[in-house]
Amino acid sequence: MRKVYVDNAAATPLLPEVREAMMPYLGDIFGNPSSLHDWGDGAREAVGSAREQVAALIGASADEIIFTGSGTESNNFAVKGLALAQQTKGKHVVVSAVEHFSVLHSARTLEKLGFEVSEVPVDKHGMVDPNDVVRQMRKDTILVSIMHANGEVGTIEPIGDIAKITRERNIAFHTDAVATVGTIPVNVAELGADALSLAGNQFYGPKGVGALWLKKGVRIMPLLDGGIQEEGRRAGTENVSAIAGLGKAAELAKIHMADRMKRLAPLRDHLLRELPKRIERVVVTGHPQHRLPGHASFCVEFIEGESMLMLLNSKGIAVSSGSACTSRALKASHVLIAMGLSHEIAQGSILFTLGIDNTKEDMDYVLETMPPIVDRLRQMSPLYAKFSKTVKGGK
Amino acid sequence: MPVYSEKVMDHFTNPRNVGEIENPDGVGEVGNPVCGDMMTFYIKVKDDRLEDVKFKTFGCGAAIAVSSMVSEMAKGKTLDEAKKITPRSVADELEGLPKQKFHCSNLGAQALNKAIEDYLSKKKGEAKK
């Protein structure tokens, strides 16, 4: 059976070169980067060059990179750490309605600590309007956190325009760029943010490692207290092999980004164009133009995402869904709801995130496999029966 | 480790008794799309026995497997026997359901019961006439 992995937003495969770059630190070079002997030197060098590689990918300087354990940690660190460091200036924080839970739930924790949080809405494409950000600004606003791109619907947000607003008002601006760094060009100077989160397993690096870029001079309160690793901003012995892998993945992303984008975008467009042609009542979610190169997301009406996911899996295709049933919390995707979709339609969420291994044949296999699966589930669906009777006149 | 038992996967991939019954003796509908799952059960009754049971379900793998299992458990049973089918007994027959799915997707017994109630109230109505 053909195997088609199109769930790269969940995890990307580890490139062989990346694995290679990690191996020495799972072997002979096991020392602690804080140690002053030869064993420590090798590990410290690895962390140092990874810092250079990650910085080069986003146009930053190496001393602005703080390694963390994940994109989630980077987001927690930025939202809580920036707010707490600036609470004497004010206690108002602004986020968008479609942020990742690591930002939204961090904001919720801040509320419990006495902060106030405002949410910026999005339009039907999941896009933030910078004017809405302006509307949420208050005298006591100290932090704005809006993602660079949404991992669920692929929409790329107007970060540059939002940064202008925060800069004029001297407000700290963090952007969760987990979905974009390593995938599309990201340059911190051009974006104009003060802090930016990224994660390794989004661009063919290992899991369990991320980074926060923090602009020189911006104050932050550490989440983890302890030793002076990462200049005292993130204590704990470094995950050397994972950091080395992240560095290598960053280096490769920088070299191959243009080629990868050129390959992925036509495959994505093929899927976005063809799927709604082959299946009736399919909604494309996310922005038609401003979207991630490998990202195709849909809502299939009258059926539920998890059952689609499982039947696709039985045909060798790996996808994601934002349906309530798929989430452990049994709640529909907050992203789709914020975009104004009904719970009923959000239930049919299905998400294809393509990676560098995917081919045109993979897309054709998906396009061939999907319609009978949808049809089969619709034959079981009371909602489709009602639709057929009323709209189609009892066909 | 897979999330679902083999039995759940079997009933999900090969659901028994999917469909509608023309002129059913009873219909039971539970759930709503907001919470995720919706099930409609149709029954045909003869001599107080469930001669036929069919269903339509909008929902996850567990919801579909539950519906299929309930239909299989109920078919051929007397109404009194069928009413004794509970979410617990359905889950047991399916060799377990993930914890978070137990309440949300395990609506089959309730839908069947509603269909039986529907049949009984119709019968009562006719008896009065």
# chains A, B, ... in the order shown; residues from 1 in each chain; ligands from 1
>>> interface_residues(of="chain B", to="chain A", cutoff="8 Å", atoms="only C-alpha atoms", output="list of chain:residue names")
B:Thr13, B:Val18, B:Gly19, B:Pro33, B:Val34, B:Cys35, B:Gly36, B:Met38, B:Met39, B:Thr40, B:Phe55, B:Lys56, B:Thr57, B:Phe58, B:Gly59, B:Cys60, B:Gly61, B:Gln100
>>> write_last_selection(atoms="N, CA, C and O atoms", output="mmCIF file, in the first residue's frame")
data_model
loop_
_atom_site.group_PDB
_atom_site.id
_atom_site.type_symbol
_atom_site.label_atom_id
_atom_site.label_comp_id
_atom_site.auth_asym_id
_atom_site.auth_seq_id
_atom_site.Cartn_x
_atom_site.Cartn_y
_atom_site.Cartn_z
ATOM 1 N N THR B 13 -15.001 0.169 10.757
ATOM 2 C CA THR B 13 -14.689 0.006 9.334
ATOM 3 C C THR B 13 -15.740 -0.829 8.594
ATOM 4 O O THR B 13 -15.931 -0.658 7.404
ATOM 5 N N VAL B 18 -26.285 -0.207 8.849
ATOM 6 C CA VAL B 18 -26.363 1.216 8.502
ATOM 7 C C VAL B 18 -27.563 1.439 7.592
ATOM 8 O O VAL B 18 -27.822 0.627 6.698
ATOM 9 N N GLY B 19 -28.278 2.524 7.815
ATOM 10 C CA GLY B 19 -29.351 2.895 6.888
ATOM 11 C C GLY B 19 -30.601 3.351 7.604
ATOM 12 O O GLY B 19 -30.590 3.618 8.807
ATOM 13 N N PRO B 33 -24.929 18.349 16.583
ATOM 14 C CA PRO B 33 -23.608 18.488 15.946
ATOM 15 C C PRO B 33 -22.629 19.338 16.759
ATOM 16 O O PRO B 33 -21.428 19.208 16.581
ATOM 17 N N VAL B 34 -23.134 20.182 17.648
ATOM 18 C CA VAL B 34 -22.228 21.039 18.419
ATOM 19 C C VAL B 34 -21.341 20.205 19.334
ATOM 20 O O VAL B 34 -20.138 20.417 19.428
ATOM 21 N N CYS B 35 -21.943 19.199 19.983
ATOM 22 C CA CYS B 35 -21.131 18.369 20.878
ATOM 23 C C CYS B 35 -20.404 17.296 20.089
ATOM 24 O O CYS B 35 -19.575 16.567 20.622
ATOM 25 N N GLY B 36 -20.710 17.168 18.818
ATOM 26 C CA GLY B 36 -19.892 16.294 18.000
ATOM 27 C C GLY B 36 -20.617 15.107 17.400
ATOM 28 O O GLY B 36 -20.329 14.741 16.281
ATOM 29 N N MET B 38 -24.140 12.697 16.498
ATOM 30 C CA MET B 38 -25.585 12.661 16.288
ATOM 31 C C MET B 38 -25.944 11.262 15.820
ATOM 32 O O MET B 38 -25.299 10.747 14.910
ATOM 33 N N MET B 39 -26.941 10.661 16.481
ATOM 34 C CA MET B 39 -27.335 9.314 16.070
ATOM 35 C C MET B 39 -28.843 9.244 15.894
ATOM 36 O O MET B 39 -29.586 9.755 16.725
ATOM 37 N N THR B 40 -29.268 8.575 14.831
ATOM 38 C CA THR B 40 -30.684 8.313 14.625
ATOM 39 C C THR B 40 -30.879 6.805 14.508
ATOM 40 O O THR B 40 -30.201 6.165 13.692
ATOM 41 N N PHE B 55 -29.486 2.341 11.677
ATOM 42 C CA PHE B 55 -29.064 3.630 12.240
ATOM 43 C C PHE B 55 -28.350 4.485 11.203
ATOM 44 O O PHE B 55 -27.841 3.986 10.198
ATOM 45 N N LYS B 56 -28.329 5.784 11.518
ATOM 46 C CA LYS B 56 -27.449 6.729 10.807
ATOM 47 C C LYS B 56 -26.716 7.539 11.858
ATOM 48 O O LYS B 56 -27.321 7.965 12.845
ATOM 49 N N THR B 57 -25.431 7.735 11.652
ATOM 50 C CA THR B 57 -24.621 8.417 12.661
ATOM 51 C C THR B 57 -23.685 9.430 12.029
ATOM 52 O O THR B 57 -23.027 9.152 11.032
ATOM 53 N N PHE B 58 -23.634 10.618 12.661
ATOM 54 C CA PHE B 58 -22.669 11.663 12.327
ATOM 55 C C PHE B 58 -21.727 11.736 13.512
ATOM 56 O O PHE B 58 -22.157 12.063 14.614
ATOM 57 N N GLY B 59 -20.483 11.347 13.326
ATOM 58 C CA GLY B 59 -19.582 11.414 14.466
ATOM 59 C C GLY B 59 -18.296 10.672 14.236
ATOM 60 O O GLY B 59 -17.989 10.228 13.127
ATOM 61 N N CYS B 60 -17.555 10.522 15.315
ATOM 62 C CA CYS B 60 -16.213 9.957 15.238
ATOM 63 C C CYS B 60 -16.269 8.446 15.097
ATOM 64 O O CYS B 60 -17.339 7.837 15.086
ATOM 65 N N GLY B 61 -15.114 7.834 15.048
ATOM 66 C CA GLY B 61 -15.010 6.389 14.929
ATOM 67 C C GLY B 61 -15.761 5.672 16.044
ATOM 68 O O GLY B 61 -16.465 4.682 15.790
ATOM 69 N N GLN B 100 -12.211 9.458 27.306
ATOM 70 C CA GLN B 100 -12.879 10.717 26.943
ATOM 71 C C GLN B 100 -14.041 10.507 25.977
ATOM 72 O O GLN B 100 -14.860 11.386 25.777
#
>>> residues_around(residues="B:Ala82", least_positions_apart="4", cutoff="12 Å", atoms="only C-alpha atoms", output="list of chain:residue names")
B:Ile43, B:Val45, B:Asp48, B:Arg49, B:Leu50, B:Glu51, B:Val53, B:Val70, B:Ser71, B:Glu72, B:Met73, B:Ala74, B:Lys75, B:Gly76, B:Lys77, B:Thr78, B:Thr86, B:Ser89, B:Val90, B:Gly108, B:Ala109, B:Gln110, B:Ala111, B:Leu112, B:Asn113, B:Lys114, B:Ala115, B:Ile116, B:Glu117
>>> atom_distance(atom1="atom CA of A:Tyr25", atom2="atom CA of A:Gly69")
16.7 Å
>>> select_by_dssp(residues="chain B", states="helix (DSSP H, G or I)", output="ChimeraX atom specification")
/B:6-13,61-74,79-83,87-93,99-104,108-128
>>> write_last_selection(atoms="C-alpha atoms", output="short mmCIF file (atom, residue, chain, number, x, y, z; two decimals), in the first residue's frame")
data_model
loop_
_atom_site.label_atom_id
_atom_site.label_comp_id
_atom_site.auth_asym_id
_atom_site.auth_seq_id
_atom_site.Cartn_x
_atom_site.Cartn_y
_atom_site.Cartn_z
CA GLU B 6 -9.79 -4.12 17.50
CA LYS B 7 -13.50 -4.61 18.05
CA VAL B 8 -14.14 -0.86 17.76
CA MET B 9 -12.07 -0.73 14.58
CA ASP B 10 -13.97 -3.67 13.16
CA HIS B 11 -17.36 -2.07 13.80
CA PHE B 12 -16.11 1.31 12.60
CA THR B 13 -14.69 0.01 9.33
CA GLY B 61 -15.01 6.39 14.93
CA ALA B 62 -16.29 5.54 18.40
CA ALA B 63 -19.75 6.93 17.67
CA ILE B 64 -20.04 4.84 14.52
CA ALA B 65 -18.76 1.68 16.25
CA VAL B 66 -21.14 2.22 19.17
CA SER B 67 -24.12 2.60 16.83
CA SER B 68 -23.18 -0.54 14.94
CA MET B 69 -22.69 -2.54 18.13
CA VAL B 70 -25.99 -1.40 19.63
CA SER B 71 -27.84 -2.34 16.46
CA GLU B 72 -26.28 -5.79 16.55
CA MET B 73 -26.98 -6.29 20.25
CA ALA B 74 -30.59 -5.16 19.90
CA LEU B 79 -38.28 -4.73 23.79
CA ASP B 80 -37.71 -5.41 27.49
CA GLU B 81 -34.38 -7.07 26.79
CA ALA B 82 -33.31 -4.31 24.44
CA LYS B 83 -34.07 -1.66 27.03
CA PRO B 87 -23.61 2.46 27.65
CA ARG B 88 -21.51 0.24 29.94
CA SER B 89 -22.63 -3.00 28.31
CA VAL B 90 -22.02 -1.53 24.84
CA ALA B 91 -18.52 -0.41 25.84
CA ASP B 92 -17.83 -3.85 27.30
CA GLU B 93 -18.94 -5.58 24.11
CA LYS B 99 -12.10 7.38 28.55
CA GLN B 100 -12.88 10.72 26.94
CA LYS B 101 -15.15 9.04 24.39
CA PHE B 102 -17.23 7.10 26.90
CA HIS B 103 -19.79 9.81 27.59
CA CYS B 104 -19.62 11.82 24.40
CA GLY B 108 -26.31 4.44 21.01
CA ALA B 109 -28.21 2.84 23.88
CA GLN B 110 -29.97 6.14 24.52
CA ALA B 111 -30.96 6.51 20.87
CA LEU B 112 -32.27 2.95 20.76
CA ASN B 113 -34.27 3.53 23.93
CA LYS B 114 -35.77 6.66 22.43
CA ALA B 115 -36.82 4.69 19.37
CA ILE B 116 -38.49 2.09 21.62
CA GLU B 117 -40.22 4.84 23.61
CA ASP B 118 -41.38 6.36 20.34
CA TYR B 119 -42.84 3.01 19.29
CA LEU B 120 -44.56 2.49 22.66
CA SER B 121 -46.10 5.95 22.73
CA LYS B 122 -47.38 5.54 19.18
CA LYS B 123 -48.89 2.19 20.13
CA LYS B 124 -50.53 3.74 23.15
CA GLY B 125 -51.93 6.53 20.97
CA GLU B 126 -53.41 4.01 18.57
CA ALA B 127 -54.91 1.95 21.38
CA LYS B 128 -56.74 5.02 22.63
#
>>> residues_around(residues="stretch 274-289 of chain A", least_positions_apart="4", cutoff="9 Å", atoms="only C-alpha atoms", output="number ranges by chain")
A: 124-127, 150, 152-156, 269-270, 296-302, 336, 339, 345, 349, 366-368, 370-371, 374-375
>>> residues_around(residues="stretch 162-169 of chain A", least_positions_apart="3", cutoff="7 Å", atoms="only C-alpha atoms", output="JSON, numbers by chain")
{"A": [130, 134, 158, 159, 172, 173, 191, 192, 193]}
>>> write_last_selection(atoms="N, CA and C atoms", output="PDB file, in the first residue's frame")
ATOM      1  N   PRO A 130      -4.817  44.673  11.254  1.00  0.00           N
ATOM      2  CA  PRO A 130      -4.012  45.515  12.157  1.00  0.00           C
ATOM      3  C   PRO A 130      -4.832  46.626  12.820  1.00  0.00           C
ATOM      4  N   VAL A 134      -5.012  47.957  16.795  1.00  0.00           N
ATOM      5  CA  VAL A 134      -5.012  49.336  17.287  1.00  0.00           C
ATOM      6  C   VAL A 134      -6.176  49.547  18.250  1.00  0.00           C
ATOM      7  N   PRO A 158      -0.318  39.618   8.971  1.00  0.00           N
ATOM      8  CA  PRO A 158       0.453  40.819   8.598  1.00  0.00           C
ATOM      9  C   PRO A 158       1.313  41.318   9.761  1.00  0.00           C
ATOM     10  N   ILE A 159       2.351  40.562  10.077  1.00  0.00           N
ATOM     11  CA  ILE A 159       3.172  40.848  11.260  1.00  0.00           C
ATOM     12  C   ILE A 159       3.900  42.195  11.151  1.00  0.00           C
ATOM     13  N   ALA A 172       5.989  45.821  23.847  1.00  0.00           N
ATOM     14  CA  ALA A 172       6.702  44.604  23.436  1.00  0.00           C
ATOM     15  C   ALA A 172       5.817  43.765  22.515  1.00  0.00           C
ATOM     16  N   PHE A 173       6.412  43.195  21.456  1.00  0.00           N
ATOM     17  CA  PHE A 173       5.658  42.408  20.489  1.00  0.00           C
ATOM     18  C   PHE A 173       6.320  41.054  20.281  1.00  0.00           C
ATOM     19  N   LEU A 191      10.500  41.782  10.152  1.00  0.00           N
ATOM     20  CA  LEU A 191       9.238  41.612  10.883  1.00  0.00           C
ATOM     21  C   LEU A 191       9.054  42.717  11.917  1.00  0.00           C
ATOM     22  N   GLY A 192      10.134  43.105  12.554  1.00  0.00           N
ATOM     23  CA  GLY A 192      10.058  44.197  13.521  1.00  0.00           C
ATOM     24  C   GLY A 192       9.540  43.797  14.889  1.00  0.00           C
ATOM     25  N   ALA A 193       9.563  42.508  15.189  1.00  0.00           N
ATOM     26  CA  ALA A 193       9.094  42.062  16.503  1.00  0.00           C
ATOM     27  C   ALA A 193      10.209  42.178  17.537  1.00  0.00           C
TER      28      ALA A 193
END
>>> residues_around(residues="stretch 251-263 of chain A", least_positions_apart="4", cutoff="7 Å", atoms="only C-alpha atoms", output="short mmCIF file (atom, residue, chain, number, x, y, z; two decimals) with all heavy atoms, in the first residue's frame")
data_model
loop_
_atom_site.label_atom_id
_atom_site.label_comp_id
_atom_site.auth_asym_id
_atom_site.auth_seq_id
_atom_site.Cartn_x
_atom_site.Cartn_y
_atom_site.Cartn_z
N GLN A 53 23.86 28.94 13.65
CA GLN A 53 23.05 28.45 12.52
C GLN A 53 21.60 28.93 12.63
O GLN A 53 21.00 29.34 11.64
CB GLN A 53 23.09 26.91 12.48
CG GLN A 53 24.43 26.35 12.02
CD GLN A 53 24.60 24.88 12.37
OE1 GLN A 53 24.26 24.45 13.48
NE2 GLN A 53 25.11 24.10 11.43
N LEU A 57 19.51 31.73 10.16
CA LEU A 57 18.25 31.44 9.47
C LEU A 57 17.26 32.60 9.56
O LEU A 57 16.48 32.83 8.65
CB LEU A 57 17.63 30.15 10.05
CG LEU A 57 16.28 29.71 9.49
CD1 LEU A 57 16.36 29.38 8.00
CD2 LEU A 57 15.75 28.52 10.27
N GLY A 182 11.89 28.28 9.02
CA GLY A 182 12.36 27.08 8.35
C GLY A 182 11.49 26.69 7.17
O GLY A 182 11.85 25.82 6.39
N THR A 183 10.32 27.32 7.06
CA THR A 183 9.38 26.98 5.99
C THR A 183 9.28 28.10 4.96
O THR A 183 9.27 27.85 3.76
CB THR A 183 7.99 26.68 6.58
OG1 THR A 183 8.12 25.58 7.48
CG2 THR A 183 6.99 26.31 5.50
N ILE A 184 9.14 29.34 5.45
CA ILE A 184 9.15 30.50 4.57
C ILE A 184 10.20 31.49 5.10
O ILE A 184 10.60 31.38 6.27
CB ILE A 184 7.75 31.18 4.47
CG1 ILE A 184 7.30 31.71 5.84
CG2 ILE A 184 6.72 30.22 3.88
CD1 ILE A 184 6.04 32.56 5.77
N GLY A 247 20.24 23.11 14.94
CA GLY A 247 21.19 23.94 14.19
C GLY A 247 21.36 23.45 12.76
O GLY A 247 21.29 24.22 11.80
N PRO A 293 3.19 27.47 2.23
CA PRO A 293 3.34 26.78 0.95
C PRO A 293 2.85 25.33 0.94
O PRO A 293 2.40 24.85 -0.08
CB PRO A 293 4.85 26.84 0.68
CG PRO A 293 5.50 27.26 1.94
CD PRO A 293 4.48 28.01 2.72
N ILE A 356 8.64 17.83 2.29
CA ILE A 356 9.55 17.75 1.14
C ILE A 356 9.57 16.38 0.48
O ILE A 356 10.03 16.24 -0.64
CB ILE A 356 11.00 18.17 1.51
CG1 ILE A 356 11.46 17.41 2.75
CG2 ILE A 356 11.08 19.66 1.73
CD1 ILE A 356 12.92 17.70 3.11
#
>>> atom_distance(atom1="atom CA of A:Glu52", atom2="atom CA of A:Gly27")
22.8 Å
>>> atom_distance(atom1="atom CA of A:Ala62", atom2="atom CA of A:Ala249")
15.9 Å
>>> select_by_dssp(residues="chain B", states="strand (DSSP E)", output="ChimeraX atom specification")
/B:26-31,38-46,49-58
